[in-house]
Every structure is written in C-alpha cells, then in structure tokens.
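Enquirer: Quick one, entry_39.cif (mmCIF, C-alpha atoms and all ligand atoms):
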```
data_my_file
#
loop_
_atom_site.label_atom_id
_atom_site.label_comp_id
_atom_site.auth_asym_id
_atom_site.auth_seq_id
_atom_site.Cartn_x
_atom_site.Cartn_y
_atom_site.Cartn_z
CA MET X 1 -20.14 1.19 17.59
CA PRO X 2 -19.04 -2.41 17.00
CA LYS X 3 -21.84 -4.58 15.71
CA LEU X 4 -22.52 -7.81 17.59
CA LYS X 5 -22.64 -10.92 15.46
CA LYS X 6 -25.55 -13.26 15.89
CA LYS X 7 -24.53 -16.86 16.33
CA ARG X 8 -26.52 -18.12 13.37
CA GLU X 9 -24.93 -15.48 11.11
CA ALA X 10 -21.36 -16.11 12.28
CA LEU X 11 -19.04 -18.27 10.19
CA PRO X 12 -18.53 -21.84 11.44
CA SER X 13 -15.48 -22.46 13.60
CA LEU X 14 -14.57 -25.58 15.59
CA ASN X 15 -11.85 -26.03 18.20
CA TYR X 16 -10.28 -29.35 19.12
CA THR X 17 -7.61 -29.97 21.76
CA THR X 18 -5.26 -32.95 22.18
CA ARG X 19 -7.89 -35.62 22.73
CA GLY X 20 -10.27 -34.30 20.10
CA PHE X 21 -8.13 -34.82 17.00
CA ARG X 22 -5.46 -37.06 15.52
CA LEU X 23 -3.20 -36.93 12.49
CA LYS X 24 -3.08 -40.16 10.54
CA ASP X 25 -1.42 -40.62 7.13
CA SER X 26 -1.51 -36.83 6.63
CA LYS X 27 -5.28 -36.90 7.19
CA LEU X 28 -6.92 -34.96 9.98
CA CYS X 29 -9.28 -37.11 12.06
CA LEU X 30 -11.69 -35.19 14.27
CA ALA X 31 -13.81 -36.38 17.17
CA GLY X 32 -16.98 -38.05 15.91
CA GLY X 33 -15.27 -40.10 13.22
CA ILE X 34 -14.73 -37.28 10.73
CA ALA X 35 -11.67 -37.72 8.50
CA LEU X 36 -10.52 -34.69 6.51
CA THR X 37 -8.08 -34.58 3.63
CA VAL X 38 -5.80 -31.62 4.25
CA VAL X 39 -3.84 -29.67 1.66
CA TRP X 40 -0.72 -28.95 3.72
CA SER X 41 0.91 -25.58 3.20
CA ARG X 42 4.04 -26.76 5.06
CA ASP X 43 5.23 -29.41 7.48
CA LEU X 44 4.30 -28.99 11.14
CA PRO X 45 7.41 -28.05 13.13
CA SER X 46 6.22 -29.97 16.23
CA VAL X 47 3.32 -32.11 17.46
CA PRO X 48 0.27 -29.80 17.48
CA SER X 49 -1.47 -29.21 20.82
CA SER X 50 -4.77 -28.05 19.29
CA VAL X 51 -6.46 -27.29 16.00
CA ARG X 52 -9.12 -24.84 14.86
CA VAL X 53 -11.13 -25.78 11.79
CA TYR X 54 -12.99 -22.83 10.31
CA ARG X 55 -14.59 -21.44 7.18
CA ASP X 56 -13.70 -17.95 5.95
CA ALA X 57 -15.89 -15.37 4.21
CA VAL X 58 -14.80 -16.66 0.79
CA GLY X 59 -16.13 -20.13 1.66
CA HIS X 60 -12.79 -21.93 2.06
CA TRP X 61 -12.15 -24.26 4.98
CA TRP X 62 -8.93 -23.95 6.96
CA ALA X 63 -7.22 -25.95 9.69
CA SER X 64 -4.99 -23.88 11.96
CA PHE X 65 -2.67 -25.77 14.33
CA VAL X 66 -1.07 -24.61 17.56
CA VAL X 67 2.58 -25.70 17.59
CA THR X 68 5.75 -24.72 19.41
CA THR X 69 8.05 -22.73 17.17
CA THR X 70 11.81 -22.53 17.18
CA VAL X 71 13.74 -19.27 17.12
CA GLU X 72 16.14 -18.99 14.20
CA PRO X 73 18.72 -16.39 15.25
CA LEU X 74 20.38 -14.36 12.50
CA PRO X 75 24.01 -13.16 12.59
CA ALA X 76 24.54 -9.84 14.40
CA THR X 77 24.98 -6.79 12.19
CA GLY X 78 25.66 -4.01 14.69
CA ALA X 79 23.02 -1.81 13.06
CA VAL X 80 19.84 -0.33 14.55
CA ILE X 81 16.83 1.27 12.85
CA GLY X 82 13.99 3.64 13.80
CA ILE X 83 10.64 3.39 12.00
CA ASP X 84 7.78 5.88 11.69
CA TRP X 85 4.44 5.00 10.05
CA GLY X 86 2.63 7.27 7.63
CA VAL X 87 0.01 7.59 4.91
CA LYS X 88 2.11 8.36 1.82
CA GLU X 89 5.08 6.26 2.89
CA THR X 90 3.88 3.27 4.87
CA ALA X 91 7.22 3.30 6.70
CA THR X 92 9.85 6.01 6.93
CA THR X 93 13.07 4.80 8.50
CA THR X 94 16.35 6.20 9.74
CA SER X 95 18.02 4.26 6.93
CA ASP X 96 17.64 5.64 3.40
CA ILE X 97 17.28 2.30 1.66
CA HIS X 98 14.62 0.79 3.94
CA ASP X 99 11.77 3.26 3.40
CA LEU X 100 8.58 1.52 2.28
CA PRO X 101 6.29 3.47 -0.07
CA HIS X 102 2.55 2.83 0.23
CA ALA X 103 1.78 0.00 -2.19
CA GLN X 104 -1.77 1.14 -3.09
CA HIS X 105 -3.14 -2.40 -3.06
CA GLY X 106 -6.52 -1.14 -1.84
CA LYS X 107 -6.68 1.60 -4.47
CA ASN X 108 -6.03 -0.82 -7.32
CA ALA X 109 -8.94 -3.00 -6.22
CA ALA X 110 -11.30 -0.15 -5.32
CA LYS X 111 -13.08 -0.01 -8.68
CA ALA X 112 -13.92 -3.70 -8.78
CA LEU X 113 -14.84 -3.62 -5.10
CA ALA X 114 -17.31 -0.79 -5.68
CA LYS X 115 -18.88 -2.78 -8.53
CA TYR X 116 -19.41 -5.88 -6.36
CA GLN X 117 -20.70 -3.83 -3.45
CA ARG X 118 -23.21 -2.10 -5.75
CA ARG X 119 -24.31 -5.52 -6.94
CA MET X 120 -24.81 -6.63 -3.34
CA ALA X 121 -26.84 -3.53 -2.52
CA ARG X 122 -29.07 -4.03 -5.57
CA ARG X 123 -29.73 -7.68 -4.77
CA LYS X 124 -30.09 -7.21 -1.03
CA PRO X 125 -32.87 -9.48 0.24
CA PRO X 126 -35.87 -7.85 1.96
CA LYS X 127 -35.97 -8.21 5.73
CA GLY X 128 -36.82 -11.73 6.84
CA LYS X 129 -36.51 -13.15 3.30
CA PRO X 130 -33.73 -15.58 2.34
CA ALA X 131 -30.91 -14.22 0.21
CA SER X 132 -31.00 -14.92 -3.53
CA ASN X 133 -28.25 -16.83 -5.31
CA GLY X 134 -27.23 -13.63 -7.09
CA TYR X 135 -26.79 -11.87 -3.76
CA LYS X 136 -24.71 -14.72 -2.38
CA ARG X 137 -22.54 -14.69 -5.49
CA ALA X 138 -21.90 -10.96 -5.22
CA LYS X 139 -21.14 -11.34 -1.52
CA ARG X 140 -18.58 -14.02 -2.26
CA GLN X 141 -16.95 -11.90 -4.97
CA THR X 142 -16.65 -9.03 -2.49
CA ALA X 143 -15.11 -11.33 0.13
CA LYS X 144 -12.69 -12.75 -2.43
CA LEU X 145 -11.45 -9.31 -3.41
CA HIS X 146 -11.04 -8.26 0.22
CA ARG X 147 -8.99 -11.37 0.80
CA LYS X 148 -6.84 -10.69 -2.24
CA VAL X 149 -6.00 -7.18 -1.05
CA ALA X 150 -5.24 -8.47 2.46
CA ASP X 151 -2.96 -11.18 1.00
CA GLN X 152 -1.12 -8.64 -1.13
CA ARG X 153 -0.59 -6.41 1.90
CA THR X 154 0.75 -9.30 3.98
CA ASP X 155 3.08 -10.34 1.17
CA THR X 156 4.57 -6.85 0.73
CA ALA X 157 4.82 -6.45 4.51
CA ARG X 158 6.59 -9.76 5.05
CA LYS X 159 9.17 -9.20 2.33
CA TRP X 160 9.99 -5.77 3.73
CA ALA X 161 10.04 -7.00 7.34
CA LYS X 162 12.42 -9.82 6.44
CA GLN X 163 14.90 -7.39 4.90
CA VAL X 164 14.70 -4.99 7.85
CA VAL X 165 15.10 -7.78 10.41
CA ARG X 166 17.99 -9.38 8.52
CA GLU X 167 19.97 -6.15 8.41
CA HIS X 168 19.39 -4.76 11.92
CA ASP X 169 19.94 -6.06 15.48
CA ALA X 170 17.41 -3.80 17.17
CA ILE X 171 14.32 -2.06 15.84
CA ALA X 172 12.50 0.92 17.35
CA VAL X 173 9.03 1.22 15.89
CA GLU X 174 6.09 3.53 16.51
CA ASP X 175 3.41 1.67 18.47
CA PHE X 176 0.72 2.63 15.98
CA ARG X 177 -2.95 2.19 16.83
CA PRO X 178 -5.41 2.84 14.02
CA ARG X 179 -7.40 5.92 14.91
CA PHE X 180 -9.10 6.73 11.65
CA LEU X 181 -10.82 3.47 10.80
CA ALA X 182 -14.29 4.61 11.73
CA LYS X 183 -14.44 8.11 10.43
CA THR X 184 -12.28 9.10 7.51
CA THR X 185 -11.56 8.61 3.83
CA MET X 186 -10.72 5.46 1.90
CA ALA X 187 -7.10 6.60 1.56
CA ARG X 188 -6.72 6.79 5.33
CA LYS X 189 -8.39 3.44 5.87
CA ALA X 190 -6.12 1.80 3.29
CA ALA X 191 -3.07 3.40 4.92
CA ASP X 192 -4.22 2.17 8.33
CA ALA X 193 -4.63 -1.36 7.01
CA ALA X 194 -1.23 -1.29 5.30
CA ILE X 195 0.45 -0.03 8.48
CA GLY X 196 -1.33 -2.65 10.58
CA ALA X 197 -0.19 -5.48 8.32
CA THR X 198 3.37 -4.16 8.17
CA LYS X 199 3.68 -3.68 11.92
CA ARG X 200 2.34 -7.19 12.56
CA ALA X 201 4.79 -8.71 10.05
CA LEU X 202 7.70 -6.80 11.59
CA ILE X 203 6.94 -7.98 15.14
CA GLU X 204 6.47 -11.59 14.00
CA MET X 205 9.68 -11.55 11.99
CA GLY X 206 11.58 -9.92 14.86
CA CYS X 207 10.45 -12.64 17.29
CA LYS X 208 11.27 -15.40 14.83
CA HIS X 209 14.84 -14.23 14.35
CA ALA X 210 15.54 -13.19 17.95
CA ARG X 211 15.81 -9.45 17.25
CA THR X 212 14.83 -6.78 19.78
CA VAL X 213 11.72 -4.86 18.74
CA HIS X 214 10.94 -1.77 20.83
CA LEU X 215 7.39 -0.46 20.59
CA VAL X 216 7.60 3.28 21.13
CA ASN X 217 4.72 5.39 22.44
CA PRO X 218 3.81 7.66 19.52
CA ALA X 219 2.77 10.70 21.62
CA HIS X 220 4.51 13.94 20.55
CA THR X 221 6.92 12.27 18.12
CA THR X 222 6.20 14.89 15.49
CA MET X 223 6.87 17.67 18.03
CA ASP X 224 10.26 16.53 19.33
CA CYS X 225 13.56 17.48 17.71
CA SER X 226 15.74 14.47 16.99
CA HIS X 227 18.85 16.62 17.31
CA CYS X 228 18.41 18.21 20.75
CA MET X 229 15.16 16.50 21.95
CA THR X 230 13.44 19.85 22.60
CA ARG X 231 9.66 19.66 22.30
CA ALA X 232 8.06 22.25 20.05
CA LYS X 233 5.29 24.35 21.56
CA HIS X 234 2.77 23.47 18.87
CA ALA X 235 2.09 20.35 16.83
CA LEU X 236 3.36 20.59 13.29
CA PRO X 237 0.49 21.01 10.83
CA LEU X 238 0.08 17.95 8.59
CA GLY X 239 0.86 19.93 5.45
CA MET X 240 4.33 20.89 6.69
CA ARG X 241 6.80 18.31 5.44
CA THR X 242 9.93 19.76 7.09
CA TYR X 243 10.61 19.99 10.78
CA THR X 244 12.65 23.01 11.88
CA CYS X 245 13.67 23.11 15.51
CA THR X 246 13.13 26.44 17.26
CA ALA X 247 15.80 25.64 19.87
CA CYS X 248 18.77 24.42 17.83
CA GLY X 249 17.73 25.45 14.33
CA VAL X 250 18.28 22.04 12.74
CA SER X 251 15.73 21.17 10.07
CA SER X 252 15.04 17.74 8.59
CA PRO X 253 12.22 16.00 6.71
CA ARG X 254 9.33 15.55 9.11
CA ASP X 255 9.03 11.77 8.93
CA LYS X 256 12.80 11.22 9.10
CA ASN X 257 12.83 13.37 12.24
CA SER X 258 10.09 11.20 13.79
CA ALA X 259 11.96 8.00 12.88
CA HIS X 260 15.05 9.36 14.68
CA VAL X 261 12.94 10.28 17.71
CA MET X 262 11.80 6.61 17.84
CA LEU X 263 15.44 5.50 18.00
CA ILE X 264 16.26 7.96 20.76
CA ARG X 265 13.21 7.06 22.84
CA ALA X 266 14.04 3.36 22.61
CA GLY X 267 17.57 4.21 23.78
CA LEU X 268 19.17 2.87 20.62
CA VAL X 269 21.22 5.81 19.35
CA PRO X 270 24.62 4.57 18.29
CA GLY X 271 27.33 6.26 20.34
ZN ZN B 301 16.66 20.85 18.07
#
```
Could you render the structure as structure tokens?
Expert:
Amino acid sequence: MPKLKKKREALPSLNYTTRGFRLKDSKLCLAGGIALTVVWSRDLPSVPSSVRVYRDAVGHWWASFVVTTTVEPLPATGAVIGIDWGVKETATTTSDIHDLPHAQHGKNAAKALAKYQRRMARRKPPKGKPASNGYKRAKRQTAKLHRKVADQRTDTARKWAKQVVREHDAIAVEDFRPRFLAKTTMARKAADAAIGATKRALIEMGCKHARTVHLVNPAHTTMDCSHCMTRAKHALPLGMRTYTCTACGVSSPRDKNSAHVMLIRAGLVPG
C-alpha cells in the first residue's frame, strides 16, 4: 500500500504564481522580500507564469518555472517505427538499428547502494529520538546515488529518443504501465524504471518535434501474429524467444513480432 507522508516529514516545496515572484537582474525575488541567486541551466523561452521552489532528497534547492514552449518541427522522413518494451532489451523496435539494450545503470550502482542502505539501517534512530548526524549522512549518500542512477537513465533515454524522433514521422509505442514495482526482483524493478524513463523521454521528444506518438494498448501483443493478425490460443511462455504462428506458420523473434503488432494496431503499416 502507498505510505502517506506526514507534512513535517515531507520535503519543503513552495509555489508562487504571477504576483508572488519577479525576475530582476537574473535574481529570483519571492514574496516577502526574499531574493535568491539562481544558477540558470538555460534561458527561459518565455515569461514564466509560475515557479515552484523546492528541495530534493539530496538537499539541493531547485526553481522550476512554468513557461510556454515552442514546437520545433523536424523535416519529414516518411518512416514509421513500432516499439515494444522489455527487460533484457529496454526497447525492441521494427527497425534493426534502433533497438535499445538495457543499460544496467541500476546494477552498476547496486553494490554501493546496498552499502549505504546497510549504514542507514545500522544507524537508524530509535522511535521518537532525533536522527544522528551519521544517519543523516548515510541517508544523503543513498539519495545522491539514487539521483545519479535516475540522471543516467534520463540521459540514455533522451539520446535514444532524439534519434528515434529525428528519423521517424510516426511512432507506435506500447503503453507500458509498471506492474512489477511492488513485488518482484531488483532486475525487474530496474527494467521498469528504465522503461518508464525511456517512454517519458520519447513522448516529450515527440511532442517537442511535432511527431505523432501512438500509445498502444499492450493487451495480447505477445499473442498476436504480426503477419496475419491471428491471436494464438495461449500466451507465449516468457522463456520462448521465438513466436511461431499456428495459422500462417510464420515465425519471428518474439519481441520483434510484438513491435510489429504495435505498428499494425496504430494503423501505421506502410502500404
Ligand atoms: Zn500468422
């Protein structure tokens, strides 16, 4: 079950709308005479309508502005692509050169993460007692590592999404919802997180460059034949890597078959 956060334990976050903040000489002035020096990551594309100032788990403060964005259309390519998500390959596509292998960012950090989490457990304050400095330090190290892995995932996802969006006019992608988060192994959780980040990046990039992104309902995609669209009677066991159609006899790698089914369901099959 999701755990409710108590207000005094939640991280600070402040919202200001038009009349509550002002930008002056690249400083952010908030209501109540607070002037903040901001390290700008980039120029604002338009006048911001609101700002959220918040602190993250690592202890850094951020200012996030709401602005109107502009669409930057890319030249048409005439190509379409179908994408299926998975554990071993984060994305399997109908194009051979656009497959994205799972980057294992979580796995590489797992050892250090376990160390910091052990440290936190050992220094855990007794109930009702304030946390020790050692506990706080370990907590911050854990948060830092989590952030690093998340940043790495976003980076990989964005680079891949940019390439896919640049080279295709329309994208049919499995509308993946993480199902395993609560109950299964680390590998599954990492795969879920990688898929989530990649799907998010793809949708964002598609919107930015005026491409059509179709979100396809994932039900039965592993059971349909991409050649004749006949549905198999039984779901393919996870260990079986090849899909062989009982109706037309065509066999293809399982994930490639699913990626093709995405294309067909989105109505994007060329010819
Ligand atoms: Zn078939």
Enquirer: Separation of CA of Gly59 in chain X and CA of Lys159 in chain X, in Å?
Expert: 27.6 Å
Enquirer: Each residue of range 171-231 of chain X with at least one atom at most 8 Å from range 97-119 of chain X should appear once, together with its nearest atom pair and the corresponding distance in Å (one decimal); atoms considered: all atoms listed in the file; ordering: chain, then increasing residue number; output as a tab-separated table.
Expert:
```
residue	atom	partner	partner_atom	distance
X:Ala187	CA	X:Lys107	CA	7.8
X:Ala190	CA	X:Gly106	CA	5.9
X:Ala191	CA	X:His102	CA	7.3
X:Ala194	CA	X:His102	CA	7.5
```
Enquirer: Hey, what's within 10 Å of Cys248 in chain X if we count all atoms listed in the file and toss same-chain stuff fewer than 2 positions away? As a ChimeraX atom specification, please?
Expert: /X:225,227-230,244-246,250-251
Enquirer: Name all residues at most 12 Å from Trp61 in chain X (count only C-alpha atoms; drop same-chain ones fewer than 4 positions away) and give them as a PyMOL selection string.
Expert: chain X and resi 11-14+36-39+52-57
Enquirer: Using all atoms listed in the file and a cutoff of 10 Å, can you tell me which residues are near (18.5, 4.3, 20.1) in the file's coordinates, and write them out as a list in words?
Expert: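 Applying the cut-off with all atoms listed in the file, one gets Val80, Ile81, Gly82, Ala170, Ile171, Ala172, His214, His260, Val261, Met262, Leu263, Ile264, Arg265, Ala266, Gly267, Leu268, Val269, Pro270 and Gly271 of chain X.
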Enquirer: Please provide as a list in words all residues within 10 Å of Gly134 in chain X, with the sequence filter that same-chain residues fewer than 3 positions apart are discarded (counting all atoms listed in the file).
Expert: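 Using all atoms listed in the file, the neighbours found are Arg119, Met120, Arg122, Arg123, Lys124, Ala131, Arg137, Ala138, Lys139 and Arg140 of chain X.
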Enquirer: In terms of the shortest atom-to-atom distance over all atoms listed in the file, which of X:Ser49, X:Thr77, X:Asn15, X:Ser41 is closest to Arg211 in chain X?
Expert: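 Looking only at the distances to Arg211 in chain X, the closest residue turns out to be X:Thr77.
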Enquirer: Any idea what's packed within 10 Å of Phe176 in chain X, counting all atoms listed in the file, ignoring anything in its chain fewer than 6 positions away? Could you give it as a compact mmCIF listing (two decimals) with C-alpha atoms, keeping the file's coordinate frame?
Expert:
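Output file result_17.txt is given in full below:
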```
# COMPACT_ATOMS: atom_id res chain seq x y z
CA ASP X 84 7.78 5.88 11.69
CA TRP X 85 4.44 5.00 10.05
CA GLY X 86 2.63 7.27 7.63
CA ASP X 192 -4.22 2.17 8.33
CA ILE X 195 0.45 -0.03 8.48
CA GLY X 196 -1.33 -2.65 10.58
CA LYS X 199 3.68 -3.68 11.92
CA LEU X 215 7.39 -0.46 20.59
CA VAL X 216 7.60 3.28 21.13
CA ASN X 217 4.72 5.39 22.44
CA PRO X 218 3.81 7.66 19.52
```
Enquirer: Measuring between all atoms listed in the file, which one of X:Thr142, X:Thr242, X:Ser226, X:Asn257 shows the shortest distance to ligand ZN 301 (chain B)?
Expert: X:Ser226
Enquirer: Between CA of Gly20 in chain X and CA of Val67 in chain X, what is the distance in Å, rounded to a tenth?
Expert: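 So the two atoms, CA of Gly20 in chain X and CA of Val67 in chain X, lie 15.7 Å apart.
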Enquirer: Which polymer residues have any atom within 10 Å of an atom of Pro75 in chain X, counting all atoms listed in the file, with same-chain residues fewer than 4 positions away left out, as a PyMOL selection string?
Expert: chain X and resi 166-169+209
Enquirer: Nearest residue to ligand ZN 301 (chain B) out of X:Gly33, X:Pro48, X:Gly249, X:Pro2, using all atoms listed in the file?
Expert: X:Gly249
Enquirer: Go ahead and compute the interatomic distance for CA of His60 in chain X and CA of Lys127 in chain X, in Å to one decimal.
Expert: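 Computed distance, CA of His60 in chain X to CA of Lys127 in chain X, equals 27.2 Å.
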